[in-house]
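Pasting structure-v1.cif here (mmCIF, C-alpha atoms):
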```
data_my_file
#
loop_
_atom_site.label_atom_id
_atom_site.label_comp_id
_atom_site.auth_asym_id
_atom_site.auth_seq_id
_atom_site.Cartn_x
_atom_site.Cartn_y
_atom_site.Cartn_z
CA MET A 1 -11.29 -5.73 11.88
CA LYS A 2 -12.91 -2.51 10.77
CA LEU A 3 -12.86 -1.41 7.14
CA LEU A 4 -12.26 2.35 7.02
CA HIS A 5 -13.69 4.43 4.20
CA ASN A 6 -11.40 7.39 4.76
CA GLU A 7 -9.81 8.46 1.49
CA PRO A 8 -7.79 11.38 2.95
CA LEU A 9 -6.22 9.07 5.55
CA LEU A 10 -5.52 6.40 2.94
CA ASN A 11 -3.92 8.92 0.59
CA ALA A 12 -1.82 10.32 3.43
CA LYS A 13 -0.49 6.85 4.30
CA LEU A 14 0.20 6.09 0.64
CA LYS A 15 2.21 9.29 0.42
CA ASP A 16 3.99 8.82 3.77
CA PHE A 17 5.26 5.37 2.77
CA GLN A 18 5.93 6.29 -0.87
CA PHE A 19 3.73 3.65 -2.46
CA GLU A 20 4.30 5.38 -5.80
CA HIS A 21 7.90 4.09 -5.72
CA MET A 22 6.65 0.51 -5.43
CA LEU A 23 3.34 0.27 -7.31
CA ASP A 24 1.93 1.71 -10.51
CA LEU A 25 -0.54 4.31 -9.23
CA THR A 26 -1.35 5.75 -12.66
CA ARG A 27 -4.36 3.41 -12.73
CA PRO A 28 -7.05 3.07 -10.03
CA VAL A 29 -5.80 0.65 -7.37
CA PRO A 30 -8.35 -1.16 -5.14
CA PHE A 31 -6.69 -0.47 -1.79
CA ALA A 32 -8.55 -1.38 1.43
CA LEU A 33 -7.75 0.51 4.64
CA GLN A 34 -8.15 -1.82 7.63
CA GLN A 35 -8.08 -1.05 11.35
CA TYR A 36 -7.38 -3.61 14.09
CA GLU A 37 -7.74 -3.11 17.83
CA GLN A 38 -5.14 -4.05 20.45
CA GLY A 39 -4.99 -7.82 20.90
CA GLU A 40 -7.01 -8.56 17.77
CA ILE A 41 -5.80 -11.43 15.60
CA ILE A 42 -5.03 -10.14 12.12
CA LEU A 43 -4.18 -13.51 10.58
CA HIS A 44 -4.60 -17.06 11.86
CA GLU A 45 -1.91 -19.59 10.99
CA GLY A 46 -3.13 -22.09 8.40
CA PHE A 47 -5.96 -19.93 7.02
CA ALA A 48 -6.20 -18.88 3.37
CA LEU A 49 -5.03 -15.34 2.57
CA HIS A 50 -6.30 -13.33 -0.37
CA SER A 51 -4.65 -9.93 0.08
CA LEU A 52 -1.19 -8.52 0.66
CA LEU A 53 -1.17 -6.32 3.76
CA PHE A 54 1.04 -3.29 4.40
CA LEU A 55 1.42 -2.21 8.04
CA VAL A 56 1.36 1.60 8.09
CA GLN A 57 0.58 2.26 11.77
CA GLY A 58 0.99 0.33 15.00
CA LYS A 59 2.90 -2.79 15.99
CA ILE A 60 2.31 -6.48 15.32
CA LYS A 61 3.45 -9.68 17.01
CA VAL A 62 4.37 -12.65 14.82
CA THR A 63 4.25 -16.13 16.37
CA SER A 64 4.39 -19.70 15.12
CA CYS A 65 2.41 -22.59 16.55
CA ILE A 66 4.21 -25.79 17.58
CA GLU A 67 2.87 -29.32 17.95
CA THR A 68 1.96 -28.88 21.64
CA GLY A 69 -0.44 -26.09 20.70
CA LYS A 70 1.82 -23.45 22.22
CA SER A 71 3.31 -20.58 20.23
CA LEU A 72 6.87 -19.39 19.82
CA LEU A 73 7.69 -15.72 19.33
CA LEU A 74 9.32 -14.98 15.96
CA ARG A 75 9.44 -11.19 15.85
CA PHE A 76 7.63 -7.91 16.29
CA GLY A 77 6.78 -5.87 13.20
CA HIS A 78 6.70 -2.11 12.76
CA PRO A 79 5.71 0.12 9.86
CA PHE A 80 6.55 -0.42 7.05
CA SER A 81 6.07 -4.21 7.23
CA ILE A 82 4.60 -6.36 4.49
CA ILE A 83 2.38 -9.29 5.50
CA GLY A 84 1.50 -12.07 3.09
CA ASP A 85 4.49 -11.94 0.72
CA ILE A 86 5.39 -15.60 1.28
CA GLU A 87 1.76 -16.62 0.84
CA LEU A 88 1.52 -14.60 -2.39
CA ILE A 89 4.67 -16.03 -3.96
CA ARG A 90 4.38 -19.63 -2.74
CA ASN A 91 0.56 -19.86 -2.93
CA VAL A 92 0.39 -21.34 0.57
CA PRO A 93 -1.86 -20.74 3.61
CA VAL A 94 -0.88 -18.21 6.29
CA GLN A 95 2.46 -19.30 7.77
CA SER A 96 2.37 -17.43 11.11
CA GLN A 97 -0.18 -15.91 13.46
CA ILE A 98 -0.23 -12.12 13.37
CA GLU A 99 -1.63 -10.17 16.33
CA ALA A 100 -2.08 -6.43 16.80
CA VAL A 101 0.00 -5.32 19.80
CA ASN A 102 -1.75 -1.96 19.76
CA GLU A 103 -4.18 -0.26 17.38
CA CYS A 104 -2.96 -0.97 13.85
CA LEU A 105 -3.71 0.37 10.40
CA LEU A 106 -3.04 -1.84 7.39
CA ILE A 107 -3.53 -1.28 3.70
CA GLY A 108 -4.71 -4.35 1.81
CA LEU A 109 -4.31 -5.11 -1.88
CA SER A 110 -5.79 -8.29 -3.37
CA PHE A 111 -3.56 -11.05 -4.68
CA ASP A 112 -5.65 -11.15 -7.87
CA TYR A 113 -4.89 -7.50 -8.62
CA ILE A 114 -1.19 -7.96 -7.84
CA LYS A 115 -0.89 -11.05 -10.05
CA GLN A 116 -2.62 -9.26 -12.90
CA HIS A 117 -0.82 -5.91 -12.70
CA GLU A 118 2.26 -5.88 -10.47
CA LEU A 119 4.19 -9.18 -10.47
CA LYS A 120 6.22 -8.07 -13.50
CA ASN A 121 6.87 -4.64 -11.99
CA PRO A 122 10.59 -4.66 -10.98
CA ARG A 123 10.05 -1.98 -8.32
CA PHE A 124 7.39 -4.11 -6.64
CA THR A 125 9.35 -7.37 -6.83
CA SER A 126 12.47 -5.61 -5.52
CA THR A 127 10.48 -4.41 -2.50
CA LEU A 128 9.17 -7.93 -1.87
CA LEU A 129 12.69 -9.34 -2.10
CA ASP A 130 13.95 -6.81 0.44
CA HIS A 131 11.20 -7.69 2.93
CA LEU A 132 11.55 -11.43 2.39
CA SER A 133 15.29 -11.30 3.01
CA TYR A 134 14.67 -9.34 6.22
CA LYS A 135 12.16 -11.97 7.40
CA LEU A 136 14.69 -14.72 6.67
CA GLN A 137 17.23 -12.85 8.77
CA THR A 138 14.86 -12.31 11.71
CA CYS A 139 13.54 -15.90 11.62
CA THR A 140 17.11 -17.19 11.63
CA THR A 141 17.86 -14.99 14.63
CA ALA A 142 14.70 -16.13 16.42
CA SER A 143 15.58 -19.80 15.83
CA ARG A 144 19.08 -19.27 17.18
CA VAL A 145 17.76 -17.39 20.21
CA ASN A 146 15.10 -20.00 21.03
CA LEU A 147 17.62 -22.84 20.74
CA LEU A 148 20.77 -21.34 22.26
CA ALA A 149 20.06 -18.26 24.37
CA SER A 150 19.29 -18.53 28.07
CA VAL A 151 15.85 -17.68 29.41
CA GLU A 152 17.45 -14.62 31.04
CA ASN A 153 18.66 -13.46 27.61
CA ARG A 154 15.31 -14.18 25.98
CA PHE A 155 13.26 -12.41 28.65
CA ALA A 156 15.54 -9.35 28.60
CA SER A 157 15.31 -9.31 24.81
CA TYR A 158 11.52 -9.55 25.04
CA LEU A 159 11.46 -6.55 27.38
CA MET A 160 13.75 -4.55 25.09
CA SER A 161 11.67 -5.46 22.04
CA THR A 162 8.29 -4.61 23.58
CA MET A 163 8.66 -2.08 26.37
CA SER A 164 11.83 -0.04 26.02
CA PRO A 165 11.68 3.66 25.10
CA GLY A 166 13.55 2.86 21.88
CA SER A 167 11.23 0.11 20.68
CA ASN A 168 8.97 2.52 18.71
CA ALA A 169 5.76 0.95 19.99
CA SER A 170 5.09 -1.02 23.11
CA PHE A 171 2.66 -2.82 25.36
CA GLY A 172 3.34 0.00 27.77
CA MET A 173 6.01 0.71 30.34
CA GLU A 174 4.50 -1.78 32.77
CA LEU A 175 4.01 -5.53 32.46
CA GLN A 176 1.15 -7.43 34.09
CA THR A 177 2.23 -10.57 35.92
CA ASP A 178 -0.91 -12.43 34.85
CA HIS A 179 0.64 -12.46 31.35
CA ILE A 180 3.73 -14.33 32.53
CA GLY A 181 2.37 -17.73 31.45
CA GLU A 182 1.71 -16.44 27.93
CA ILE A 183 5.15 -14.83 27.75
CA ALA A 184 6.81 -18.03 28.99
CA SER A 185 5.11 -19.97 26.20
CA LEU A 186 6.23 -17.43 23.60
CA LEU A 187 9.81 -17.66 24.84
CA GLY A 188 9.81 -21.45 24.83
CA THR A 189 10.10 -21.92 28.60
CA THR A 190 7.90 -22.70 31.59
CA HIS A 191 5.90 -20.35 33.80
CA ARG A 192 7.95 -21.51 36.82
CA HIS A 193 11.33 -20.93 35.15
CA LEU A 194 10.36 -17.48 33.90
CA ASN A 195 9.10 -16.56 37.37
CA ARG A 196 12.52 -17.47 38.79
CA VAL A 197 14.20 -15.25 36.21
CA LEU A 198 11.78 -12.45 36.97
CA GLN A 199 12.47 -12.75 40.69
CA ALA A 200 16.23 -12.62 40.05
CA PHE A 201 15.78 -9.44 38.01
CA VAL A 202 13.77 -7.95 40.89
CA GLN A 203 16.46 -8.90 43.43
CA ASN A 204 19.10 -7.27 41.22
CA ARG A 205 16.95 -4.13 41.07
CA MET A 206 16.53 -4.39 37.33
CA LEU A 207 12.74 -4.65 37.79
CA GLU A 208 10.24 -3.54 40.39
CA ARG A 209 7.24 -5.71 41.23
CA ASN A 210 4.21 -3.96 42.64
CA GLY A 211 1.17 -6.21 43.05
CA GLN A 212 0.29 -7.48 39.59
CA MET A 213 2.51 -4.98 37.78
CA ILE A 214 6.21 -5.05 36.86
CA ARG A 215 8.18 -1.94 35.95
CA VAL A 216 11.70 -1.77 34.53
CA LEU A 217 14.08 0.16 36.82
CA ASP A 218 17.38 -0.26 34.97
CA TRP A 219 17.21 -0.33 31.18
CA ASP A 220 21.00 -0.47 30.90
CA ALA A 221 21.06 -3.70 32.91
CA ILE A 222 18.22 -5.15 30.84
CA GLU A 223 20.14 -4.20 27.69
CA ARG A 224 23.24 -6.00 28.93
CA ALA A 225 21.21 -9.07 29.88
CA SER A 226 19.69 -9.19 26.39
CA ASN A 227 23.15 -9.52 24.75
CA GLY A 228 21.92 -7.26 21.96
CA ILE A 229 19.24 -9.74 20.88
CA ARG A 230 15.95 -8.36 19.55
CA TYR A 231 12.77 -10.04 18.36
CA GLU A 232 12.52 -7.53 15.53
#
```

Take the structure in the file and give it back as structure tokens.
Amino acid sequence: MKLLHNEPLLNAKLKDFQFEHMLDLTRPVPFALQQYEQGEIILHEGFALHSLLFLVQGKIKVTSCIETGKSLLLRFGHPFSIIGDIELIRNVPVQSQIEAVNECLLIGLSFDYIKQHELKNPRFTSTLLDHLSYKLQTCTTASRVNLLASVENRFASYLMSTMSPGSNASFGMELQTDHIGEIASLLGTTHRHLNRVLQAFVQNRMLERNGQMIRVLDWDAIERASNGIRYE
């Protein structure tokens, strides 16, 4: 994590995302502008959190660890996402691991400041309620997908959520096959099963495999295979 001392950039992001409609900016507010590189862990599950984080640029991946030590994919987050709302309200450690999919900018605001100045602000609490209800919706969807959807559905949904032109931010338009084991773990399946699904997609000309790289050939077919499911 890199702490940026760039007041013009901070002010531009505050204006772009209309922080004045959520927080009282008539007093000095101790914002911290943070930058994370691709693949960097923003929050580790189980660690203490001391600041609320607002995602204002980039894309994050939210996963939850299970007893085997593997992780399940919950959702991807885009601007304007709030990180740490559950931890703030419930006074609990970090509930999920957060990873930067690409370069991310976040604005941090300490829990101490929020508890002193903003928890009785109805505009702020209304914003938190909106984001918490969205997280409940996406976690419910993720649970249903991981329990009931086929691996074909889950993998197609993963591709649509991460790589498609309409996904706002992506890993890129190509997927490296050496990441298949990690993806299989995130989707709650095995490397072998996911490889069989991948091969079927290649045979149906939905994907193209070239060495260690996979490229989507037919987004419409991937969309149909996803059954409209998104990890977002």

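Remark: for Ile86 in chain A, the closest of the candidate residues A:Ser161, A:Gln199, A:Ser51, A:Gln18 is A:Ser51 (distances computed over all atoms listed in the file).
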
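Closest to Thr63 in chain A among A:Gly188, A:Gly211, A:Pro79, A:Gly181 is A:Gly188, based on only C-alpha atoms.
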
*Compile the contact shell of range 136-147 of chain A as a list in words: residues with an atom at most 7 Å away, counting all atoms listed in the file, same-chain residues fewer than 6 positions apart removed.*
Leu74, Arg75, Leu187, Gly188, Tyr231 and Glu232 of chain A

*Interatomic distance (Å, one decimal) between CA of Ile41 in chain A and CA of Cys104 in chain A*: 11.0 Å

*Would you please work out which residue, of A:Leu148, A:Leu88, A:Leu186, A:Ile98, is nearest to His50 in chain A when using all atoms listed in the file?*
A:Leu88

*Given the file shown, determine the residues that the PyMOL selection byres ((chain A and resi 47) around 10) selects; report them as number ranges by chain.*
A: 43-46, 48-50, 92-97

Where atoms are missing, can you supply N, CA and C atoms for range 137-167 of chain A and output the lot as an mmCIF file, in the frame of the given file?
```
data_model
loop_
_atom_site.group_PDB
_atom_site.id
_atom_site.type_symbol
_atom_site.label_atom_id
_atom_site.label_comp_id
_atom_site.auth_asym_id
_atom_site.auth_seq_id
_atom_site.Cartn_x
_atom_site.Cartn_y
_atom_site.Cartn_z
ATOM 1 N N GLN A 137 16.241 -13.229 7.759
ATOM 2 C CA GLN A 137 17.230 -12.850 8.770
ATOM 3 C C GLN A 137 16.642 -12.913 10.173
ATOM 4 N N THR A 138 15.449 -12.346 10.372
ATOM 5 C CA THR A 138 14.860 -12.310 11.710
ATOM 6 C C THR A 138 14.419 -13.697 12.166
ATOM 7 N N CYS A 139 13.929 -14.539 11.230
ATOM 8 C CA CYS A 139 13.540 -15.900 11.620
ATOM 9 C C CYS A 139 14.763 -16.728 11.987
ATOM 10 N N THR A 140 15.870 -16.507 11.288
ATOM 11 C CA THR A 140 17.110 -17.190 11.630
ATOM 12 C C THR A 140 17.574 -16.783 13.020
ATOM 13 N N THR A 141 17.486 -15.487 13.305
ATOM 14 C CA THR A 141 17.860 -14.990 14.630
ATOM 15 C C THR A 141 16.961 -15.579 15.702
ATOM 16 N N ALA A 142 15.642 -15.593 15.444
ATOM 17 C CA ALA A 142 14.700 -16.130 16.420
ATOM 18 C C ALA A 142 14.966 -17.607 16.693
ATOM 19 N N SER A 143 15.273 -18.373 15.648
ATOM 20 C CA SER A 143 15.580 -19.800 15.830
ATOM 21 C C SER A 143 16.822 -19.976 16.678
ATOM 22 N N ARG A 144 17.842 -19.176 16.406
ATOM 23 C CA ARG A 144 19.080 -19.270 17.180
ATOM 24 C C ARG A 144 18.844 -18.893 18.634
ATOM 25 N N VAL A 145 18.067 -17.840 18.847
ATOM 26 C CA VAL A 145 17.760 -17.390 20.210
ATOM 27 C C VAL A 145 16.997 -18.467 20.967
ATOM 28 N N ASN A 146 15.932 -19.011 20.343
ATOM 29 C CA ASN A 146 15.100 -20.000 21.030
ATOM 30 C C ASN A 146 15.854 -21.291 21.332
ATOM 31 N N LEU A 147 16.860 -21.612 20.521
ATOM 32 C CA LEU A 147 17.620 -22.840 20.740
ATOM 33 C C LEU A 147 18.807 -22.652 21.685
ATOM 34 N N LEU A 148 19.478 -21.501 21.598
ATOM 35 C CA LEU A 148 20.770 -21.340 22.260
ATOM 36 C C LEU A 148 20.803 -20.339 23.399
ATOM 37 N N ALA A 149 19.979 -19.310 23.341
ATOM 38 C CA ALA A 149 20.060 -18.260 24.370
ATOM 39 C C ALA A 149 19.394 -18.721 25.657
ATOM 40 N N SER A 150 19.887 -18.215 26.776
ATOM 41 C CA SER A 150 19.290 -18.530 28.070
ATOM 42 C C SER A 150 17.935 -17.851 28.206
ATOM 43 N N VAL A 151 17.138 -18.313 29.160
ATOM 44 C CA VAL A 151 15.850 -17.680 29.410
ATOM 45 C C VAL A 151 16.052 -16.243 29.863
ATOM 46 N N GLU A 152 17.136 -15.994 30.618
ATOM 47 C CA GLU A 152 17.450 -14.620 31.040
ATOM 48 C C GLU A 152 17.656 -13.728 29.814
ATOM 49 N N ASN A 153 18.430 -14.220 28.839
ATOM 50 C CA ASN A 153 18.660 -13.460 27.610
ATOM 51 C C ASN A 153 17.350 -13.214 26.863
ATOM 52 N N ARG A 154 16.542 -14.277 26.754
ATOM 53 C CA ARG A 154 15.310 -14.180 25.980
ATOM 54 C C ARG A 154 14.317 -13.211 26.636
ATOM 55 N N PHE A 155 14.209 -13.292 27.961
ATOM 56 C CA PHE A 155 13.260 -12.410 28.650
ATOM 57 C C PHE A 155 13.717 -10.955 28.553
ATOM 58 N N ALA A 156 15.019 -10.717 28.730
ATOM 59 C CA ALA A 156 15.540 -9.350 28.600
ATOM 60 C C ALA A 156 15.323 -8.829 27.184
ATOM 61 N N SER A 157 15.539 -9.701 26.200
ATOM 62 C CA SER A 157 15.310 -9.310 24.810
ATOM 63 C C SER A 157 13.851 -8.988 24.567
ATOM 64 N N TYR A 158 12.967 -9.796 25.161
ATOM 65 C CA TYR A 158 11.520 -9.550 25.040
ATOM 66 C C TYR A 158 11.168 -8.168 25.603
ATOM 67 N N LEU A 159 11.723 -7.855 26.771
ATOM 68 C CA LEU A 159 11.460 -6.550 27.380
ATOM 69 C C LEU A 159 11.979 -5.418 26.491
ATOM 70 N N MET A 160 13.184 -5.588 25.949
ATOM 71 C CA MET A 160 13.750 -4.550 25.090
ATOM 72 C C MET A 160 12.951 -4.392 23.808
ATOM 73 N N SER A 161 12.416 -5.496 23.295
ATOM 74 C CA SER A 161 11.670 -5.460 22.040
ATOM 75 C C SER A 161 10.275 -4.879 22.204
ATOM 76 N N THR A 162 9.695 -4.993 23.404
ATOM 77 C CA THR A 162 8.290 -4.610 23.580
ATOM 78 C C THR A 162 8.078 -3.362 24.418
ATOM 79 N N MET A 163 8.953 -3.117 25.389
ATOM 80 C CA MET A 163 8.660 -2.080 26.370
ATOM 81 C C MET A 163 9.619 -0.908 26.395
ATOM 82 N N SER A 164 10.808 -1.074 25.829
ATOM 83 C CA SER A 164 11.830 -0.040 26.020
ATOM 84 C C SER A 164 11.469 1.235 25.284
ATOM 85 N N PRO A 165 11.976 2.390 25.759
ATOM 86 C CA PRO A 165 11.680 3.660 25.100
ATOM 87 C C PRO A 165 12.100 3.686 23.641
ATOM 88 N N GLY A 166 13.075 2.862 23.257
ATOM 89 C CA GLY A 166 13.550 2.860 21.880
ATOM 90 C C GLY A 166 12.890 1.831 20.997
ATOM 91 N N SER A 167 11.827 1.193 21.474
ATOM 92 C CA SER A 167 11.230 0.110 20.680
ATOM 93 C C SER A 167 10.128 0.581 19.745
#
```
